[in-house]
Amino acid sequence: MAALVVVALLLPAAGLEAAHPAAVRGTGGAVSSAAPAATEAGLGILRAGGNAADAAVATALALAVVFPQAGNLGGGGFAVVRFGGEVNALDFRETAPAAASHDMYLDDDGEPRPKASLVGPLAAGVPGSPAGLFELHRKYGRLPWARVVAPAARLARDGFIVNTRLQRSLAASEELLQRFPETAAVWLPGGQPPSAGSVKKLPELAAILEAYGARGAPAITEGPVAAAVELAARRHGGVLRAADLEAYRPVWREPVRFSAYGWQVASMPLPSSGGIIIGETVGMLERLRWEKLPRFGADRSHLLTEVWRRAYADRFLLGDPRTSRASAAQLLAGHWLDVRTAEIRINKATDSERVRAWSRERAEESSETTHLSVMDGDGNAVALTTTLNRSFGCGLLVAGAGFLLNNEMDDFTTAPGHPNSFGLVQGEANSVGPGKRMLSSMSPTVAWSGKQVIVIGSPGGSKIPTATVQVLLNLIVDGDGLQAAVDRARIHHQWMPDLLYSERYAFSPETARALERRGHELRATNKVGEVSAVRGIVAGNMEAAQDPRGPGAAGVVRPAVY
Ligand code: DON
């Protein structure tokens with residue numbers, strides 16, 4: 001009997017569409033991810049005796065099949081793990097190919113070439129997922145590798161049901177996907193996305209996953225598959241080569257660690273800015289005694305905004321750890337947080353140009369990344385975020401291998417002074433260079449206090465750290481239940497553009513006016529992230545929650561009976 005409780009899908013059948021999902025509670029392990037089939041793959045591995053690392057890999061690989069907008073073999077990501085009290089961070093972020101260069105996305109006049117870092121294989125970094133997921137399992141996994149890969153291979157071989165989100169995403173990206181016949185043949189058969197509810201089989205991807213299950217990362221990073229990647233890149237003007245795939249290595253890194261409100265927190269270090277932004281946020285909020293202010297009033301939103309304005313301004317200095325112009329230690333140092341906090345006024349917004357002068361430009365589009373949170377029956381935790389960057393990455397599917405290549409190169413500072421596709425204005429520390437890792441905002445995070453453990457993260461590009469920290473604050477400052485913490489309306493500010501974004505119902509009309517009076521320019525946004533969260537409570541009890549902003553699912557191995 002499947003223990004997965006897909007409340008979001010069951011409610012309409014019960015005639016309860018207006019109600020929203022509740023966290024699922026139970027024992028034996030928990031998974032929350034952006035797709036029910038992927039959550040089920042992870043739970044199946046836990047039931048088979050797998051641990052959190054096995055289940056995280058199985059869930060991530062299933063997402064590479066059923067959620068091709070973001071789940072991937074041709075992209076990269078990050079994971080923060082806590083195993084038996086040891087915390088560790090795995091960086092399987094893409095790198096720039098060996099032939100990449102500082103000005104590769106500029107024309108002869110030094111102006112950005114439109115979409116050059118977003119469309120086609122020139123936009124692709126060297127995929128990190130094949131070696132990264134293999135390494136996560138090698139270090140922490142318990143079941144045989146082939147067993148962990150099998151559920152994803154089966155989904156690709158036997159087929160899965162196309163959900164509304166996939167059908168709509170394919171339709172929205174039709175122009176991109178039509179550019180590449182290899183991609184259109186798989187994802188737009190007959191020129192149309194497969195309809196929602198139809199069964200989709202991916203035989204080429206199934207064969208690659210089966211080989212990956214049998215031989216591990218070299219089945220993809222060496223030999224015919226790596227050659228197929230090079231061929232696809234050459235055919236469409238890319239510089240990615242088989243040798244880049246073979247040379248790629250994931251890296252274990254020391255997580256960004258800090259304490260906040262009595263909790264220990266471990267989050268992603270460079271080359272992601274996520275852990276630093278979250279650490280700066282809570283560090284400044286504690287100094288401002290933010291928790292004492294009325295929960296839904298203008299003061300709290302104002303101070304969050306002021307804090308993010310500064311944390312994202314500091315992000316300008318960040319990049320690959322080898323070239324970053326600031327470190328987590330510097331930006332999370334007590335005296336720096338004191339200096340930053342001292343600039344903040346309770347009754348007036350700071351003009352972002354004065355925090356650090358820059359041009360005022362903006363961008364907001366739909367996008368995809370995916371986060372999964374897993375805990376096993378022993379309380380081991382994996383928070384893993386992975387992406388192709390934008391929906392379906394650069395749009396190019398590797399013929400014969402069935403997977404899409406990322407467009408992560410757009411996360412570099414491709415054109416100084418110009419915002420990237422998330423509106424982020426970035427610095428020279430994050431310029432393109434061979435072998436460099438592009439700066440990320442992905443924020444897989446694990447927090448613990450006594451017996452409680454929170455495993456959390458989100459997609460959303462530049463909004464990832466702000467989405468993640470708001471849910472964390474709901475839990476550790478305000479004591480929300482897990483589902484309520486995930487559900488609550490969220491806000492976002494990223495220094496540039498100088499706009500305070502808010503989801504529907506985030507502000508009452510009075511609060512919105514009060515914020516405008518202090519000098520904030522408000523802007524509506526459809527969503528700030530899509531959080532997947534798991535929480536261990538006491539004595540092996542745990543709960544899992546998925547965000548009602550998407551169609552994902554949360555489940556536990558043995559649901560509690562009430
Ligand atoms: O690494 C990053 O920060 C981005 N490439 C993440 C992209 C993303 O979250 C897309 N969105 N939902």
# chains A, B, ... in the order shown; residues from 1 in each chain; ligands from 1
>>> closest_atom_pairs(of="chain A", to="ligand 1", cutoff="8 Å", atoms="only C-alpha atoms and all ligand atoms", output="Markdown table")
| residue | atom | partner | partner_atom_place_in_ligand_line | distance |
| --- | --- | --- | --- | --- |
| A:Ala70 | CA | ligand 1 | 10 (C) | 7.7 |
| A:Gly77 | CA | ligand 1 | 1 (O) | 7.6 |
| A:Ser272 | CA | ligand 1 | 1 (O) | 7.0 |
| A:Ser366 | CA | ligand 1 | 12 (N) | 7.3 |
| A:Ser367 | CA | ligand 1 | 11 (N) | 4.3 |
| A:Glu368 | CA | ligand 1 | 12 (N) | 3.5 |
| A:Thr369 | CA | ligand 1 | 11 (N) | 4.1 |
| A:Thr370 | CA | ligand 1 | 12 (N) | 7.0 |
| A:Thr387 | CA | ligand 1 | 7 (C) | 6.1 |
| A:Leu388 | CA | ligand 1 | 5 (N) | 7.0 |
| A:Asn389 | CA | ligand 1 | 5 (N) | 3.9 |
| A:Arg390 | CA | ligand 1 | 10 (C) | 5.2 |
| A:Ser391 | CA | ligand 1 | 10 (C) | 7.1 |
| A:Glu408 | CA | ligand 1 | 5 (N) | 5.7 |
| A:Asp410 | CA | ligand 1 | 5 (N) | 7.8 |
| A:Asp411 | CA | ligand 1 | 5 (N) | 5.9 |
| A:Met438 | CA | ligand 1 | 1 (O) | 7.8 |
| A:Leu439 | CA | ligand 1 | 1 (O) | 6.6 |
| A:Ser440 | CA | ligand 1 | 1 (O) | 3.5 |
| A:Ser441 | CA | ligand 1 | 3 (O) | 3.6 |
| A:Met442 | CA | ligand 1 | 3 (O) | 5.0 |
| A:Ser458 | CA | ligand 1 | 9 (O) | 7.7 |
| A:Pro459 | CA | ligand 1 | 9 (O) | 4.3 |
| A:Gly460 | CA | ligand 1 | 12 (N) | 3.5 |
| A:Gly461 | CA | ligand 1 | 9 (O) | 3.2 |
| A:Ser462 | CA | ligand 1 | 3 (O) | 5.9 |
| A:Lys463 | CA | ligand 1 | 9 (O) | 7.7 |
| A:Ile464 | CA | ligand 1 | 9 (O) | 6.6 |
| A:Gly529 | CA | ligand 1 | 12 (N) | 7.1 |
>>> write_last_selection(atoms="C-alpha atoms", output="PDB file, in the first residue's frame")
ATOM      1  CA  ALA A  70      14.540  21.349 -13.893  1.00  0.00           C
ATOM      2  CA  GLY A  77      23.213  21.439  -8.065  1.00  0.00           C
ATOM      3  CA  SER A 272      26.363  29.485  -3.964  1.00  0.00           C
ATOM      4  CA  SER A 366       8.958  32.085 -15.230  1.00  0.00           C
ATOM      5  CA  SER A 367      11.727  29.671 -14.410  1.00  0.00           C
ATOM      6  CA  GLU A 368      12.499  26.280 -12.956  1.00  0.00           C
ATOM      7  CA  THR A 369      14.771  24.690 -10.451  1.00  0.00           C
ATOM      8  CA  THR A 370      13.807  21.974  -8.054  1.00  0.00           C
ATOM      9  CA  THR A 387      18.627  22.859 -11.853  1.00  0.00           C
ATOM     10  CA  LEU A 388      19.172  23.392 -15.553  1.00  0.00           C
ATOM     11  CA  ASN A 389      18.856  27.112 -14.673  1.00  0.00           C
ATOM     12  CA  ARG A 390      15.876  28.273 -16.767  1.00  0.00           C
ATOM     13  CA  SER A 391      13.020  25.961 -17.729  1.00  0.00           C
ATOM     14  CA  GLU A 408      23.785  27.875 -16.265  1.00  0.00           C
ATOM     15  CA  ASP A 410      23.837  32.955 -17.592  1.00  0.00           C
ATOM     16  CA  ASP A 411      24.529  32.870 -13.838  1.00  0.00           C
ATOM     17  CA  MET A 438      29.134  30.353 -11.713  1.00  0.00           C
ATOM     18  CA  LEU A 439      27.659  32.012  -8.614  1.00  0.00           C
ATOM     19  CA  SER A 440      24.369  30.490  -7.489  1.00  0.00           C
ATOM     20  CA  SER A 441      21.557  31.395  -5.103  1.00  0.00           C
ATOM     21  CA  MET A 442      20.556  27.811  -4.368  1.00  0.00           C
ATOM     22  CA  SER A 458      13.428  26.050  -2.755  1.00  0.00           C
ATOM     23  CA  PRO A 459      13.652  26.888  -6.433  1.00  0.00           C
ATOM     24  CA  GLY A 460      13.193  30.502  -7.574  1.00  0.00           C
ATOM     25  CA  GLY A 461      16.535  31.847  -8.810  1.00  0.00           C
ATOM     26  CA  SER A 462      17.428  34.991  -6.891  1.00  0.00           C
ATOM     27  CA  LYS A 463      14.356  34.426  -4.682  1.00  0.00           C
ATOM     28  CA  ILE A 464      15.663  31.119  -3.301  1.00  0.00           C
ATOM     29  CA  GLY A 529       9.872  30.097  -4.346  1.00  0.00           C
TER      30      GLY A 529
END
>>> residues_around(residues="Glu521 (chain A)", least_positions_apart="6", cutoff="10 Å", atoms="only C-alpha atoms", output="number ranges by chain")
A: 349, 498-501, 512, 515
>>> write_last_selection(atoms="N, CA and C atoms", output="mmCIF file, in the first residue's frame")
data_model
loop_
_atom_site.group_PDB
_atom_site.id
_atom_site.type_symbol
_atom_site.label_atom_id
_atom_site.label_comp_id
_atom_site.auth_asym_id
_atom_site.auth_seq_id
_atom_site.Cartn_x
_atom_site.Cartn_y
_atom_site.Cartn_z
ATOM 1 N N ALA A 349 13.058 53.623 4.100
ATOM 2 C CA ALA A 349 13.791 52.706 3.226
ATOM 3 C C ALA A 349 15.072 53.373 2.759
ATOM 4 N N ASP A 498 15.508 47.943 -7.314
ATOM 5 C CA ASP A 498 15.110 48.432 -5.996
ATOM 6 C C ASP A 498 13.594 48.332 -5.836
ATOM 7 N N LEU A 499 13.101 47.097 -5.776
ATOM 8 C CA LEU A 499 11.663 46.836 -5.700
ATOM 9 C C LEU A 499 11.410 45.827 -4.585
ATOM 10 N N LEU A 500 10.319 46.053 -3.848
ATOM 11 C CA LEU A 500 9.909 45.078 -2.837
ATOM 12 C C LEU A 500 8.774 44.242 -3.440
ATOM 13 N N TYR A 501 9.091 42.994 -3.761
ATOM 14 C CA TYR A 501 8.108 42.103 -4.375
ATOM 15 C C TYR A 501 7.253 41.473 -3.283
ATOM 16 N N ALA A 512 0.787 47.796 3.246
ATOM 17 C CA ALA A 512 1.367 48.222 1.967
ATOM 18 C C ALA A 512 1.554 49.739 1.958
ATOM 19 N N LEU A 515 4.444 50.793 4.157
ATOM 20 C CA LEU A 515 5.754 50.520 3.536
ATOM 21 C C LEU A 515 6.055 51.548 2.457
#
>>> residues_around(residues="Ala401 (chain A)", least_positions_apart="4", cutoff="8 Å", atoms="only C-alpha atoms", output="MDAnalysis selection string")
chainID A and resid 204:205 207:208 225 228 397
>>> write_last_selection(atoms="C-alpha atoms", output="PDB file, in the first residue's frame")
ATOM      1  CA  GLU A 204      16.764   6.894 -24.854  1.00  0.00           C
ATOM      2  CA  LEU A 205      16.909   8.378 -21.384  1.00  0.00           C
ATOM      3  CA  ALA A 207      18.936   3.359 -21.683  1.00  0.00           C
ATOM      4  CA  ILE A 208      21.280   6.040 -20.342  1.00  0.00           C
ATOM      5  CA  VAL A 225      27.479   9.687 -24.180  1.00  0.00           C
ATOM      6  CA  ALA A 228      27.192  12.715 -28.081  1.00  0.00           C
ATOM      7  CA  LEU A 397      18.491  17.747 -25.906  1.00  0.00           C
TER       8      LEU A 397
END
>>> residues_around(residues="region 109-114 of chain A", least_positions_apart="5", cutoff="12 Å", atoms="only C-alpha atoms", output="ChimeraX atom specification")
/A:102-104,119,122-123,410,413-421
>>> write_last_selection(atoms="C-alpha atoms", output="mmCIF file, in the first residue's frame")
data_model
loop_
_atom_site.group_PDB
_atom_site.id
_atom_site.type_symbol
_atom_site.label_atom_id
_atom_site.label_comp_id
_atom_site.auth_asym_id
_atom_site.auth_seq_id
_atom_site.Cartn_x
_atom_site.Cartn_y
_atom_site.Cartn_z
ATOM 1 C CA HIS A 102 35.622 36.375 -20.095
ATOM 2 C CA ASP A 103 33.883 38.179 -22.975
ATOM 3 C CA MET A 104 32.340 35.243 -24.797
ATOM 4 C CA VAL A 119 19.795 29.591 -25.614
ATOM 5 C CA LEU A 122 26.984 27.978 -25.838
ATOM 6 C CA ALA A 123 24.879 28.672 -22.727
ATOM 7 C CA ASP A 410 23.837 32.955 -17.592
ATOM 8 C CA THR A 413 28.470 38.061 -14.909
ATOM 9 C CA THR A 414 28.208 37.716 -18.677
ATOM 10 C CA ALA A 415 27.989 41.471 -19.277
ATOM 11 C CA PRO A 416 29.145 43.779 -16.467
ATOM 12 C CA GLY A 417 26.471 46.254 -15.445
ATOM 13 C CA HIS A 418 23.686 44.304 -17.077
ATOM 14 C CA PRO A 419 21.288 42.211 -15.015
ATOM 15 C CA ASN A 420 21.095 38.477 -15.685
ATOM 16 C CA SER A 421 17.822 36.699 -16.323
#
>>> residues_around(residues="Gly26 (chain A)", least_positions_apart="6", cutoff="10 Å", atoms="only C-alpha atoms", output="list of chain:residue names")
A:Ala3, A:Gly536, A:Gly540, A:Asn541, A:Met542, A:Glu543, A:Ala544, A:Gly555, A:Val556, A:Val557, A:Arg558, A:Pro559, A:Ala560, A:Val561
>>> closest_residue(among="A:Gly275, A:Gly132, A:Gly297, A:Pro203", to="Pro465 (chain A)", atoms="only C-alpha atoms")
A:Gly275
>>> select_by_dssp(residues="region 207-312 of chain A", states="helix (DSSP H, G or I)", output="number ranges by chain")
A: 207-215, 218-221, 223-235, 242-247, 274-287, 290-292, 298-312
>>> closest_residue(among="A:Met409, A:Val382, A:Ala429, A:Ile277", to="Arg322 (chain A)", atoms="only C-alpha atoms")
A:Ala429
>>> closest_atom_pairs(of="region 442-557 of chain A", to="region 31-53 of chain A", cutoff="8 Å", atoms="only C-alpha atoms", output="JSON lines")
{"residue": "A:Ser532", "atom": "CA", "partner": "A:Ser32", "partner_atom": "CA", "distance": 5.3}
{"residue": "A:Ala533", "atom": "CA", "partner": "A:Ser32", "partner_atom": "CA", "distance": 6.1}
{"residue": "A:Val534", "atom": "CA", "partner": "A:Ser32", "partner_atom": "CA", "distance": 6.6}
{"residue": "A:Ala544", "atom": "CA", "partner": "A:Ser32", "partner_atom": "CA", "distance": 6.0}
{"residue": "A:Ala545", "atom": "CA", "partner": "A:Ser32", "partner_atom": "CA", "distance": 6.3}
{"residue": "A:Gln546", "atom": "CA", "partner": "A:Ser32", "partner_atom": "CA", "distance": 5.9}
{"residue": "A:Gly550", "atom": "CA", "partner": "A:Ala34", "partner_atom": "CA", "distance": 7.1}
{"residue": "A:Pro551", "atom": "CA", "partner": "A:Ala34", "partner_atom": "CA", "distance": 6.5}
{"residue": "A:Gly552", "atom": "CA", "partner": "A:Ala34", "partner_atom": "CA", "distance": 3.8}
{"residue": "A:Ala553", "atom": "CA", "partner": "A:Pro36", "partner_atom": "CA", "distance": 4.8}
{"residue": "A:Ala554", "atom": "CA", "partner": "A:Ser32", "partner_atom": "CA", "distance": 4.2}
{"residue": "A:Gly555", "atom": "CA", "partner": "A:Val31", "partner_atom": "CA", "distance": 5.5}
{"residue": "A:Val556", "atom": "CA", "partner": "A:Val31", "partner_atom": "CA", "distance": 6.4}
{"residue": "A:Val557", "atom": "CA", "partner": "A:Leu43", "partner_atom": "CA", "distance": 6.1}
>>> atom_distance(atom1="CA of Leu303 (chain A)", atom2="CA of His371 (chain A)")
27.3 Å
>>> closest_residue(among="A:Pro189, A:Gly213, A:Gly319, A:Gly71", to="Val432 (chain A)", atoms="only C-alpha atoms")
A:Gly319
>>> residues_around(residues="Glu94 (chain A)", least_positions_apart="5", cutoff="10 Å", atoms="only C-alpha atoms", output="ChimeraX atom specification")
/A:74-77,124-129,132,245,248-250,387-388,406-409,435-438
>>> write_last_selection(atoms="C-alpha atoms", output="CSV table (one decimal), in the first residue's frame")
chain,number,residue,atom,x,y,z
A,74,GLY,CA,22.6,17.7,-17.9
A,75,GLY,CA,22.7,20.3,-15.1
A,76,GLY,CA,24.0,20.6,-11.6
A,77,GLY,CA,23.2,21.4,-8.1
A,124,ALA,CA,25.7,25.3,-21.2
A,125,GLY,CA,28.1,24.7,-18.3
A,126,VAL,CA,29.7,21.3,-17.9
A,127,PRO,CA,27.1,19.1,-16.3
A,128,GLY,CA,27.7,18.3,-12.7
A,129,SER,CA,24.8,16.0,-11.8
A,132,GLY,CA,27.6,14.7,-8.2
A,245,LEU,CA,32.8,16.1,-19.0
A,248,TYR,CA,34.6,17.5,-14.1
A,249,ARG,CA,34.8,16.8,-10.4
A,250,PRO,CA,32.2,17.4,-7.7
A,387,THR,CA,18.6,22.9,-11.9
A,388,LEU,CA,19.2,23.4,-15.6
A,406,ASN,CA,21.6,23.5,-18.9
A,407,ASN,CA,22.0,27.2,-19.5
A,408,GLU,CA,23.8,27.9,-16.3
A,409,MET,CA,26.4,30.1,-18.0
A,435,GLY,CA,36.8,25.8,-15.2
A,436,LYS,CA,35.1,28.4,-13.0
A,437,ARG,CA,31.8,27.7,-11.2
A,438,MET,CA,29.1,30.4,-11.7
>>> residues_around(residues="Ala484 (chain A)", least_positions_apart="4", cutoff="10 Å", atoms="only C-alpha atoms", output="list of chain:residue names")
A:Pro21, A:Ala22, A:Ala23, A:Val471, A:Asn474, A:Leu475, A:Gly479, A:Asp480, A:Arg488, A:Ala489, A:Ala545, A:Asp547
>>> atom_distance(atom1="CA of Glu254 (chain A)", atom2="CA of Leu90 (chain A)")
8.8 Å
>>> atom_distance(atom1="CA of Val528 (chain A)", atom2="CA of Arg490 (chain A)")
6.1 Å
>>> closest_residue(among="A:Ala64, A:Val538, A:Phe83, A:Leu202", to="Gly159 (chain A)", atoms="only C-alpha atoms")
A:Leu202
>>> closest_residue(among="A:Gln483, A:Ser508, A:Thr445, A:Thr59", to="Asn88 (chain A)", atoms="only C-alpha atoms")
A:Thr445
